[in-house]
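Source file: protein.pdb (PDB, C-alpha atoms)
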```pdb
ATOM      1  CA  MET A   1     -18.844   3.484   9.975
ATOM      2  CA  LYS A   2     -19.149   7.294  10.099
ATOM      3  CA  ARG A   3     -15.399   7.559  10.797
ATOM      4  CA  ILE A   4     -14.607   5.464   7.741
ATOM      5  CA  LEU A   5     -16.835   7.581   5.497
ATOM      6  CA  ILE A   6     -15.349  10.812   6.848
ATOM      7  CA  ALA A   7     -11.799   9.494   6.330
ATOM      8  CA  VAL A   8     -12.600   8.411   2.779
ATOM      9  CA  CYS A   9     -14.099  11.841   2.032
ATOM     10  CA  VAL A  10     -10.990  13.605   3.399
ATOM     11  CA  VAL A  11      -8.666  11.487   1.242
ATOM     12  CA  LEU A  12     -10.853  12.011  -1.828
ATOM     13  CA  LEU A  13     -10.997  15.763  -1.206
ATOM     14  CA  ALA A  14      -7.195  15.921  -0.868
ATOM     15  CA  ALA A  15      -6.849  13.881  -4.048
ATOM     16  CA  SER A  16      -9.142  16.246  -5.948
ATOM     17  CA  PHE A  17      -6.660  19.102  -5.396
ATOM     18  CA  THR A  18      -3.747  17.026  -6.709
ATOM     19  CA  HIS A  19      -2.557  17.702 -10.237
ATOM     20  CA  SER A  20      -2.124  14.838 -12.657
ATOM     21  CA  ASP A  21      -1.925  14.927 -16.432
ATOM     22  CA  LEU A  22      -2.560  11.184 -16.597
ATOM     23  CA  PRO A  23      -5.972   9.523 -16.493
ATOM     24  CA  LEU A  24      -6.697   7.849 -13.174
ATOM     25  CA  PRO A  25      -7.611   4.170 -13.246
ATOM     26  CA  LYS A  26     -11.188   3.611 -12.066
ATOM     27  CA  GLY A  27     -11.343   3.089  -8.295
ATOM     28  CA  TRP A  28      -7.856   4.515  -7.607
ATOM     29  CA  ILE A  29      -6.995   7.777  -5.851
ATOM     30  CA  ILE A  30      -3.914   9.970  -5.541
ATOM     31  CA  ALA A  31      -2.526  10.477  -2.030
ATOM     32  CA  GLY A  32       0.724  10.566  -0.053
ATOM     33  CA  SER A  33       2.649  12.976   2.134
ATOM     34  CA  ASN A  34       3.538  15.183  -0.874
ATOM     35  CA  PRO A  35       1.444  14.024  -3.852
ATOM     36  CA  GLU A  36       1.982  17.385  -5.555
ATOM     37  CA  ASP A  37       5.600  16.319  -6.236
ATOM     38  CA  TYR A  38       4.395  13.482  -8.498
ATOM     39  CA  VAL A  39       2.301  12.728 -11.559
ATOM     40  CA  MET A  40       0.244   9.555 -11.149
ATOM     41  CA  GLY A  41      -2.184   7.583 -13.256
ATOM     42  CA  LEU A  42      -2.355   5.301 -16.274
ATOM     43  CA  ASP A  43       0.655   5.337 -18.575
ATOM     44  CA  THR A  44      -1.077   4.950 -21.925
ATOM     45  CA  THR A  45       2.255   5.351 -23.752
ATOM     46  CA  SER A  46       3.931   2.390 -22.030
ATOM     47  CA  LYS A  47       5.356  -0.159 -24.448
ATOM     48  CA  ASP A  48       4.777  -2.853 -21.803
ATOM     49  CA  SER A  49       0.972  -2.583 -21.750
ATOM     50  CA  ASN A  50      -1.760  -0.005 -22.136
ATOM     51  CA  HIS A  51      -3.039  -0.939 -18.660
ATOM     52  CA  VAL A  52      -0.061   0.057 -16.527
ATOM     53  CA  ALA A  53      -0.167   2.584 -13.706
ATOM     54  CA  THR A  54       2.750   4.900 -13.030
ATOM     55  CA  ILE A  55       4.075   7.355 -10.466
ATOM     56  CA  LYS A  56       6.692   9.833 -11.675
ATOM     57  CA  SER A  57       8.424  12.564  -9.727
ATOM     58  CA  THR A  58       8.072  16.079 -11.143
ATOM     59  CA  ALA A  59       9.656  18.233  -8.416
ATOM     60  CA  LYS A  60      13.338  19.177  -8.437
ATOM     61  CA  LYS A  61      13.529  17.956  -4.840
ATOM     62  CA  CYS A  62      10.864  15.568  -3.570
ATOM     63  CA  LYS A  63      10.078  16.104   0.105
ATOM     64  CA  GLY A  64       7.893  13.071   0.730
ATOM     65  CA  PHE A  65       6.119  10.311  -1.137
ATOM     66  CA  GLY A  66       3.275   9.907  -3.575
ATOM     67  CA  THR A  67       0.958   6.937  -3.757
ATOM     68  CA  LEU A  68      -1.689   5.709  -6.109
ATOM     69  CA  MET A  69      -4.031   3.777  -3.846
ATOM     70  CA  GLN A  70      -7.383   2.224  -3.082
ATOM     71  CA  GLN A  71      -9.440   1.751   0.062
ATOM     72  CA  THR A  72     -11.794  -1.170   0.587
ATOM     73  CA  LEU A  73     -13.927  -2.687   3.290
ATOM     74  CA  PRO A  74     -12.281  -5.803   4.733
ATOM     75  CA  ASP A  75     -15.405  -7.979   5.009
ATOM     76  CA  LYS A  76     -14.338 -10.824   2.713
ATOM     77  CA  TYR A  77     -10.822 -10.869   4.234
ATOM     78  CA  LYS A  78     -11.679 -10.800   7.968
ATOM     79  CA  GLY A  79      -9.998 -13.554   9.938
ATOM     80  CA  LYS A  80      -7.753 -14.378   6.972
ATOM     81  CA  ARG A  81      -4.082 -14.191   6.093
ATOM     82  CA  VAL A  82      -3.846 -12.261   2.808
ATOM     83  CA  LYS A  83      -1.082 -12.268   0.205
ATOM     84  CA  PHE A  84      -0.706  -8.872  -1.488
ATOM     85  CA  SER A  85       1.270  -8.923  -4.734
ATOM     86  CA  GLY A  86       1.974  -6.988  -7.889
ATOM     87  CA  ARG A  87       4.550  -6.344 -10.558
ATOM     88  CA  LEU A  88       6.832  -3.295 -10.323
ATOM     89  CA  LYS A  89       9.299  -1.650 -12.674
ATOM     90  CA  LEU A  90      11.630   1.151 -11.528
ATOM     91  CA  GLU A  91      13.633   3.744 -13.419
ATOM     92  CA  ASN A  92      16.239   5.970 -11.750
ATOM     93  CA  VAL A  93      14.616   5.839  -8.306
ATOM     94  CA  ASP A  94      16.924   7.673  -5.895
ATOM     95  CA  GLY A  95      14.746   7.233  -2.806
ATOM     96  CA  TRP A  96      12.746   4.021  -2.646
ATOM     97  CA  ALA A  97       9.579   2.467  -3.982
ATOM     98  CA  GLY A  98       7.281  -0.398  -3.150
ATOM     99  CA  LEU A  99       3.855  -1.881  -2.901
ATOM    100  CA  TRP A 100       2.033  -1.272   0.359
ATOM    101  CA  MET A 101      -0.992  -2.469   2.296
ATOM    102  CA  ARG A 102      -2.432  -1.385   5.632
ATOM    103  CA  VAL A 103      -5.187  -2.892   7.801
ATOM    104  CA  ASP A 104      -6.933  -0.391  10.097
ATOM    105  CA  ILE A 105      -9.410  -0.306  12.961
ATOM    106  CA  ASN A 106     -11.246   2.875  13.992
ATOM    107  CA  TYR A 107      -9.653   4.543  10.989
ATOM    108  CA  PRO A 108      -7.500   6.628  11.167
ATOM    109  CA  TYR A 109      -6.601   5.857  14.748
ATOM    110  CA  THR A 110      -5.099   2.375  14.860
ATOM    111  CA  VAL A 111      -3.035   0.467  12.311
ATOM    112  CA  LEU A 112      -3.394  -3.275  12.868
ATOM    113  CA  ASP A 113      -0.978  -4.571  10.241
ATOM    114  CA  PHE A 114       1.176  -2.779   7.684
ATOM    115  CA  ASN A 115       3.859  -3.384   5.080
ATOM    116  CA  ASN A 116       5.241  -0.888   2.554
ATOM    117  CA  MET A 117       8.347  -2.843   1.471
ATOM    118  CA  TYR A 118      10.543  -0.255   3.192
ATOM    119  CA  ASP A 119      12.745  -3.116   4.368
ATOM    120  CA  LYS A 120      13.396  -4.069   0.716
ATOM    121  CA  GLN A 121      14.510  -0.519  -0.288
ATOM    122  CA  LEU A 122      13.716  -0.887  -3.992
ATOM    123  CA  LYS A 123      15.750   1.768  -5.785
ATOM    124  CA  GLY A 124      17.651   2.409  -8.974
ATOM    125  CA  SER A 125      16.407   0.863 -12.206
ATOM    126  CA  ILE A 126      14.787  -2.576 -12.062
ATOM    127  CA  ASP A 127      12.924  -4.330 -14.875
ATOM    128  CA  TRP A 128       9.526  -5.904 -14.192
ATOM    129  CA  GLN A 129       9.519  -8.158 -11.125
ATOM    130  CA  THR A 130       6.732  -9.559  -8.991
ATOM    131  CA  TYR A 131       6.810  -8.676  -5.298
ATOM    132  CA  SER A 132       4.575  -9.909  -2.500
ATOM    133  CA  PHE A 133       4.065  -9.992   1.242
ATOM    134  CA  GLU A 134       1.474 -11.326   3.669
ATOM    135  CA  LEU A 135      -0.699  -9.546   6.224
ATOM    136  CA  ASP A 136      -3.315 -10.720   8.708
ATOM    137  CA  VAL A 137      -6.762  -9.123   8.603
ATOM    138  CA  ILE A 138      -8.230  -9.658  12.060
ATOM    139  CA  GLU A 139     -11.989  -9.790  12.650
ATOM    140  CA  GLU A 140     -12.017  -6.248  14.123
ATOM    141  CA  ALA A 141     -10.568  -4.692  10.941
ATOM    142  CA  GLU A 142     -12.615  -1.845   9.465
ATOM    143  CA  LEU A 143     -10.611  -0.745   6.424
ATOM    144  CA  ILE A 144      -7.902  -1.985   4.071
ATOM    145  CA  CYS A 145      -5.778   0.520   2.156
ATOM    146  CA  PHE A 146      -3.271  -0.506  -0.513
ATOM    147  CA  GLY A 147      -1.311   0.678  -3.511
ATOM    148  CA  ALA A 148       2.157   1.506  -4.768
ATOM    149  CA  LEU A 149       4.373   4.371  -3.658
ATOM    150  CA  LEU A 150       7.402   6.334  -4.751
ATOM    151  CA  SER A 151       9.532   8.326  -2.323
ATOM    152  CA  GLY A 152      12.099  10.556  -4.009
ATOM    153  CA  LYS A 153      12.947  11.119  -7.643
ATOM    154  CA  GLY A 154      12.423   8.643 -10.450
ATOM    155  CA  GLN A 155       9.532   6.739 -11.950
ATOM    156  CA  ILE A 156       7.779   3.469 -11.213
ATOM    157  CA  TRP A 157       5.237   1.417 -13.113
ATOM    158  CA  PHE A 158       3.010  -1.224 -11.554
ATOM    159  CA  ASP A 159       0.521  -3.792 -12.752
ATOM    160  CA  ASP A 160      -1.252  -7.050 -11.875
ATOM    161  CA  ILE A 161      -2.139  -6.105  -8.290
ATOM    162  CA  LYS A 162      -3.692  -9.026  -6.380
ATOM    163  CA  MET A 163      -5.085  -9.696  -2.932
ATOM    164  CA  GLU A 164      -5.357 -13.438  -2.348
ATOM    165  CA  ILE A 165      -6.712 -15.207   0.710
ATOM    166  CA  LEU A 166      -4.127 -17.760   1.809
ATOM    167  CA  SER A 167      -5.674 -19.238   4.945
ATOM    168  CA  ASP A 168      -7.386 -18.488   8.194
ATOM    169  CA  ILE A 169      -5.137 -16.552  10.551
ATOM    170  CA  PRO A 170      -3.123 -19.227  12.341
ATOM    171  CA  PRO A 171      -3.497 -19.291  16.126
ATOM    172  CA  SER A 172      -0.573 -17.661  17.891
ATOM    173  CA  SER A 173       1.417 -19.909  20.173
ATOM    174  CA  THR A 174       3.103 -16.889  21.802
ATOM    175  CA  ILE A 175      -0.002 -15.317  23.339
ATOM    176  CA  GLN A 176      -1.065 -16.839  26.654
ATOM    177  CA  LYS A 177      -4.193 -16.294  28.710
ATOM    178  CA  GLU A 178      -2.078 -15.338  31.732
ATOM    179  CA  PRO A 179       1.624 -14.933  32.607
ATOM    180  CA  SER A 180       3.607 -18.128  33.218
ATOM    181  CA  ASN A 181       7.174 -19.310  33.959
ATOM    182  CA  LEU A 182       8.142 -15.924  35.383
ATOM    183  CA  ASN A 183      11.101 -17.367  37.261
ATOM    184  CA  PHE A 184      12.429 -19.122  34.104
ATOM    185  CA  GLU A 185      12.489 -22.569  35.705
ATOM    186  CA  GLY A 186      10.102 -24.262  33.282
ATOM    187  CA  LYS A 187      11.388 -25.816  30.074
TER     188      LYS A 187
END
```
What's the structure tokens form of this structure?
Amino acid sequence: MKRILIAVCVVLLAASFTHSDLPLPKGWIIAGSNPEDYVMGLDTTSKDSNHVATIKSTAKKCKGFGTLMQQTLPDKYKGKRVKFSGRLKLENVDGWAGLWMRVDINYPYTVLDFNNMYDKQLKGSIDWQTYSFELDVIEEAELICFGALLSGKGQIWFDDIKMEILSDIPPSSTIQKEPSNLNFEGK
């Protein structure tokens, strides 16, 4: 538990040195590999809604990514398969953008499950679309981190973030108690 609190304090301290002209939504923090290259927060001028978060590049050349994120204890999700979803809108993204979620144990040492939509490579300009993926939160999980990210130039907006429990984690049929059929003769 001490490790989690220390990690949260480090992220919050890093976020406090990050510049943003936009109000931060309650419970959200600014982070990333280069958050100083981005402005993040609520876009109160959005014609889509007055409750939309945004990440916009401000540097001439962005070296990394910026994320608007949250951290939560996994208690209610332990042993469950979780669907993470949200709506995204992109404008002139030359790198990539996506939603992301990570399940950790002994934070920050071991990532148990992770998806940042890197395989989707959302880029360019895309009107509002809902995106989702599923992750397993095993019983040993100690922290869940999630949010939206922008890597490179452009701007994204996101809204309607949800974490839904789908089911218990299904038993794996690929994990055995001991090795078997090592000579490949069994069918």
| Applied to this file, what does the PyMOL selection byres ((chain A and resi 122-127) around 7) return in terms of residues, put as a ChimeraX atom specification? | /A:89-98,120-121,128-129
For the residues in that selection, give me C-alpha atoms as a compact mmCIF listing (two decimals), keeping the file's coordinate frame.
```txt
# COMPACT_ATOMS: atom_id res chain seq x y z
CA LYS A 89 9.30 -1.65 -12.67
CA LEU A 90 11.63 1.15 -11.53
CA GLU A 91 13.63 3.74 -13.42
CA ASN A 92 16.24 5.97 -11.75
CA VAL A 93 14.62 5.84 -8.31
CA ASP A 94 16.92 7.67 -5.90
CA GLY A 95 14.75 7.23 -2.81
CA TRP A 96 12.75 4.02 -2.65
CA ALA A 97 9.58 2.47 -3.98
CA GLY A 98 7.28 -0.40 -3.15
CA LYS A 120 13.40 -4.07 0.72
CA GLN A 121 14.51 -0.52 -0.29
CA TRP A 128 9.53 -5.90 -14.19
CA GLN A 129 9.52 -8.16 -11.12
```
Considering all atoms listed in the file, return as a PDB file with C-alpha atoms, keeping the file's coordinate frame whatever protein or nucleic-acid residues lie within 12 Å of Gly86 (chain A), sequence-local ones (same chain, fewer than 6 positions apart) excluded.
```
ATOM      1  CA  VAL A  52      -0.061   0.057 -16.527  1.00  0.00           C
ATOM      2  CA  ALA A  53      -0.167   2.584 -13.706  1.00  0.00           C
ATOM      3  CA  GLY A  98       7.281  -0.398  -3.150  1.00  0.00           C
ATOM      4  CA  LEU A  99       3.855  -1.881  -2.901  1.00  0.00           C
ATOM      5  CA  TRP A 100       2.033  -1.272   0.359  1.00  0.00           C
ATOM      6  CA  MET A 101      -0.992  -2.469   2.296  1.00  0.00           C
ATOM      7  CA  TRP A 128       9.526  -5.904 -14.192  1.00  0.00           C
ATOM      8  CA  GLN A 129       9.519  -8.158 -11.125  1.00  0.00           C
ATOM      9  CA  THR A 130       6.732  -9.559  -8.991  1.00  0.00           C
ATOM     10  CA  TYR A 131       6.810  -8.676  -5.298  1.00  0.00           C
ATOM     11  CA  SER A 132       4.575  -9.909  -2.500  1.00  0.00           C
ATOM     12  CA  PHE A 133       4.065  -9.992   1.242  1.00  0.00           C
ATOM     13  CA  PHE A 146      -3.271  -0.506  -0.513  1.00  0.00           C
ATOM     14  CA  GLY A 147      -1.311   0.678  -3.511  1.00  0.00           C
ATOM     15  CA  ALA A 148       2.157   1.506  -4.768  1.00  0.00           C
ATOM     16  CA  TRP A 157       5.237   1.417 -13.113  1.00  0.00           C
ATOM     17  CA  PHE A 158       3.010  -1.224 -11.554  1.00  0.00           C
ATOM     18  CA  ASP A 159       0.521  -3.792 -12.752  1.00  0.00           C
ATOM     19  CA  ASP A 160      -1.252  -7.050 -11.875  1.00  0.00           C
ATOM     20  CA  ILE A 161      -2.139  -6.105  -8.290  1.00  0.00           C
ATOM     21  CA  LYS A 162      -3.692  -9.026  -6.380  1.00  0.00           C
ATOM     22  CA  MET A 163      -5.085  -9.696  -2.932  1.00  0.00           C
ATOM     23  CA  GLU A 164      -5.357 -13.438  -2.348  1.00  0.00           C
TER      24      GLU A 164
END
```
Counting all atoms listed in the file, what is within 6 Å of region 24-28 of chain A, bar same-chain residues fewer than 3 positions away, as a PDB file with C-alpha atoms, in the coordinates of the input?
```pdb
ATOM      1  CA  GLY A  41      -2.184   7.583 -13.256  1.00  0.00           C
ATOM      2  CA  LEU A  42      -2.355   5.301 -16.274  1.00  0.00           C
ATOM      3  CA  MET A  69      -4.031   3.777  -3.846  1.00  0.00           C
ATOM      4  CA  GLN A  70      -7.383   2.224  -3.082  1.00  0.00           C
TER       5      GLN A  70
END
```
| request: Evaluate the PyMOL selection byres ((chain A and resi 55) around 6) here and jot the selected residues down as a list in words. | output: Val39, Met40, Thr54, Lys56, Gln155 and Ile156 of chain A
| said: For a quick check of understanding, using only C-alpha atoms, which of A:Ile138, A:Leu88, A:Leu112, A:Leu143 has the smallest distance to Asp168 (chain A)? | reply: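 So, comparing all the options, the nearest one is A:Ile138.
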| note | Correct to one decimal, the distance CA of Ile105 (chain A)-CA of Ala31 (chain A) is 19.7 Å
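For the set A:Ile29, A:Glu36, A:Pro170, A:Leu182, the residue with the smallest atom-to-atom gap to Leu68 (chain A) is A:Ile29, counting all atoms listed in the file.
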| task | Quick one: everything within 12 Å of Thr110 (chain A), counting all atoms listed in the file, minus sequence neighbours fewer than 4 positions away in the same chain. Send it as a ChimeraX atom specification. | result | /A:102-106,114,140-144
| remark: re CA of Glu139 (chain A) and CA of Lys78 (chain A): distance 4.8 Å
Around all the atoms of region 134-143 of chain A listed in the file, draw an axis-aligned box and extend it by 4 Å on each of the six sides; I want its centre and edge lengths in Å to one decimal, as AutoDock Vina command-line options.
```
--center_x -5.6 --center_y -6.0 --center_z 8.9 --size_x 22.1 --size_y 18.6 --size_z 18.5
```
| Using only C-alpha atoms, which residue out of A:Asp37, A:Glu185, A:Asp113, A:Asp75 lies closest to Asp136 (chain A)? |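 With only C-alpha atoms as the atom set, the closest residue is A:Asp113.
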| task | Between A:Tyr77, A:Phe184, A:Phe65, A:Tyr38, single out the one closest to Ser151 (chain A), counting all atoms listed in the file. | result |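 Going through A:Tyr77, A:Phe184, A:Phe65, A:Tyr38 one by one, the smallest distance to Ser151 (chain A) is for A:Phe65.
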| message | So, with all atoms listed in the file as the atoms that count, which of A:Leu166, A:Val137, A:Leu73, A:Cys62 lies closest to Gly32 (chain A)? | response | A:Cys62
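With only C-alpha atoms as the atoms that count, the residue of A:Met117, A:Val82, A:Leu22, A:Ile30 with the shortest distance to Ile169 (chain A) is A:Val82.
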| query | How many Å lie between CA of Pro35 (chain A) and CA of Gly64 (chain A), rounded to one decimal? | reply |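 Between CA of Pro35 (chain A) and CA of Gly64 (chain A) the gap is 8.0 Å.
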Kindly reconstruct region 28-52 of chain A with N, CA and C atoms and present the result as a PDB file, in the frame of the given file.
```pdb
ATOM      1  N   TRP A  28      -9.134   4.136  -8.212  1.00  0.00           N
ATOM      2  CA  TRP A  28      -7.856   4.515  -7.607  1.00  0.00           C
ATOM      3  C   TRP A  28      -7.854   6.002  -7.296  1.00  0.00           C
ATOM      4  N   ILE A  29      -7.116   6.371  -6.241  1.00  0.00           N
ATOM      5  CA  ILE A  29      -6.995   7.777  -5.851  1.00  0.00           C
ATOM      6  C   ILE A  29      -5.527   8.139  -5.647  1.00  0.00           C
ATOM      7  N   ILE A  30      -5.253   9.426  -5.759  1.00  0.00           N
ATOM      8  CA  ILE A  30      -3.914   9.970  -5.541  1.00  0.00           C
ATOM      9  C   ILE A  30      -3.822  10.437  -4.098  1.00  0.00           C
ATOM     10  N   ALA A  31      -2.733  10.068  -3.423  1.00  0.00           N
ATOM     11  CA  ALA A  31      -2.526  10.477  -2.030  1.00  0.00           C
ATOM     12  C   ALA A  31      -1.027  10.481  -1.746  1.00  0.00           C
ATOM     13  N   GLY A  32      -0.676  10.567  -0.471  1.00  0.00           N
ATOM     14  CA  GLY A  32       0.724  10.566  -0.053  1.00  0.00           C
ATOM     15  C   GLY A  32       1.024  11.753   0.828  1.00  0.00           C
ATOM     16  N   SER A  33       2.256  11.838   1.306  1.00  0.00           N
ATOM     17  CA  SER A  33       2.649  12.976   2.134  1.00  0.00           C
ATOM     18  C   SER A  33       2.879  14.221   1.297  1.00  0.00           C
ATOM     19  N   ASN A  34       3.323  14.071   0.052  1.00  0.00           N
ATOM     20  CA  ASN A  34       3.538  15.183  -0.874  1.00  0.00           C
ATOM     21  C   ASN A  34       3.132  14.770  -2.297  1.00  0.00           C
ATOM     22  N   PRO A  35       1.863  14.487  -2.527  1.00  0.00           N
ATOM     23  CA  PRO A  35       1.444  14.024  -3.852  1.00  0.00           C
ATOM     24  C   PRO A  35       1.659  15.061  -4.952  1.00  0.00           C
ATOM     25  N   GLU A  36       1.768  16.326  -4.555  1.00  0.00           N
ATOM     26  CA  GLU A  36       1.982  17.385  -5.555  1.00  0.00           C
ATOM     27  C   GLU A  36       3.356  17.293  -6.222  1.00  0.00           C
ATOM     28  N   ASP A  37       4.269  16.509  -5.658  1.00  0.00           N
ATOM     29  CA  ASP A  37       5.600  16.319  -6.236  1.00  0.00           C
ATOM     30  C   ASP A  37       5.638  15.228  -7.302  1.00  0.00           C
ATOM     31  N   TYR A  38       4.466  14.636  -7.602  1.00  0.00           N
ATOM     32  CA  TYR A  38       4.395  13.482  -8.498  1.00  0.00           C
ATOM     33  C   TYR A  38       3.233  13.599  -9.473  1.00  0.00           C
ATOM     34  N   VAL A  39       3.393  12.947 -10.614  1.00  0.00           N
ATOM     35  CA  VAL A  39       2.301  12.728 -11.559  1.00  0.00           C
ATOM     36  C   VAL A  39       1.966  11.247 -11.459  1.00  0.00           C
ATOM     37  N   MET A  40       0.672  10.940 -11.342  1.00  0.00           N
ATOM     38  CA  MET A  40       0.244   9.555 -11.149  1.00  0.00           C
ATOM     39  C   MET A  40      -0.964   9.251 -12.011  1.00  0.00           C
ATOM     40  N   GLY A  41      -1.032   8.023 -12.477  1.00  0.00           N
ATOM     41  CA  GLY A  41      -2.184   7.583 -13.256  1.00  0.00           C
ATOM     42  C   GLY A  41      -1.800   6.478 -14.215  1.00  0.00           C
ATOM     43  N   LEU A  42      -2.619   6.309 -15.252  1.00  0.00           N
ATOM     44  CA  LEU A  42      -2.355   5.301 -16.274  1.00  0.00           C
ATOM     45  C   LEU A  42      -1.320   5.811 -17.258  1.00  0.00           C
ATOM     46  N   ASP A  43      -0.337   4.993 -17.557  1.00  0.00           N
ATOM     47  CA  ASP A  43       0.655   5.337 -18.575  1.00  0.00           C
ATOM     48  C   ASP A  43       0.199   4.708 -19.887  1.00  0.00           C
ATOM     49  N   THR A  44      -0.530   5.460 -20.670  1.00  0.00           N
ATOM     50  CA  THR A  44      -1.077   4.950 -21.925  1.00  0.00           C
ATOM     51  C   THR A  44      -0.020   4.876 -23.027  1.00  0.00           C
ATOM     52  N   THR A  45       1.175   5.402 -22.752  1.00  0.00           N
ATOM     53  CA  THR A  45       2.255   5.351 -23.752  1.00  0.00           C
ATOM     54  C   THR A  45       3.234   4.219 -23.473  1.00  0.00           C
ATOM     55  N   SER A  46       3.006   3.462 -22.401  1.00  0.00           N
ATOM     56  CA  SER A  46       3.931   2.390 -22.030  1.00  0.00           C
ATOM     57  C   SER A  46       3.982   1.324 -23.114  1.00  0.00           C
ATOM     58  N   LYS A  47       5.198   0.910 -23.462  1.00  0.00           N
ATOM     59  CA  LYS A  47       5.356  -0.159 -24.448  1.00  0.00           C
ATOM     60  C   LYS A  47       5.068  -1.528 -23.828  1.00  0.00           C
ATOM     61  N   ASP A  48       5.021  -1.585 -22.485  1.00  0.00           N
ATOM     62  CA  ASP A  48       4.777  -2.853 -21.803  1.00  0.00           C
ATOM     63  C   ASP A  48       3.308  -3.270 -21.855  1.00  0.00           C
ATOM     64  N   SER A  49       2.408  -2.307 -21.759  1.00  0.00           N
ATOM     65  CA  SER A  49       0.972  -2.583 -21.750  1.00  0.00           C
ATOM     66  C   SER A  49       0.243  -1.250 -21.755  1.00  0.00           C
ATOM     67  N   ASN A  50      -0.997  -1.256 -22.213  1.00  0.00           N
ATOM     68  CA  ASN A  50      -1.760  -0.005 -22.136  1.00  0.00           C
ATOM     69  C   ASN A  50      -2.586   0.033 -20.856  1.00  0.00           C
ATOM     70  N   HIS A  51      -2.359  -0.913 -19.947  1.00  0.00           N
ATOM     71  CA  HIS A  51      -3.039  -0.939 -18.660  1.00  0.00           C
ATOM     72  C   HIS A  51      -2.024  -0.987 -17.534  1.00  0.00           C
ATOM     73  N   VAL A  52      -1.113  -0.028 -17.528  1.00  0.00           N
ATOM     74  CA  VAL A  52      -0.061   0.057 -16.527  1.00  0.00           C
ATOM     75  C   VAL A  52      -0.200   1.391 -15.805  1.00  0.00           C
TER      76      VAL A  52
END
```
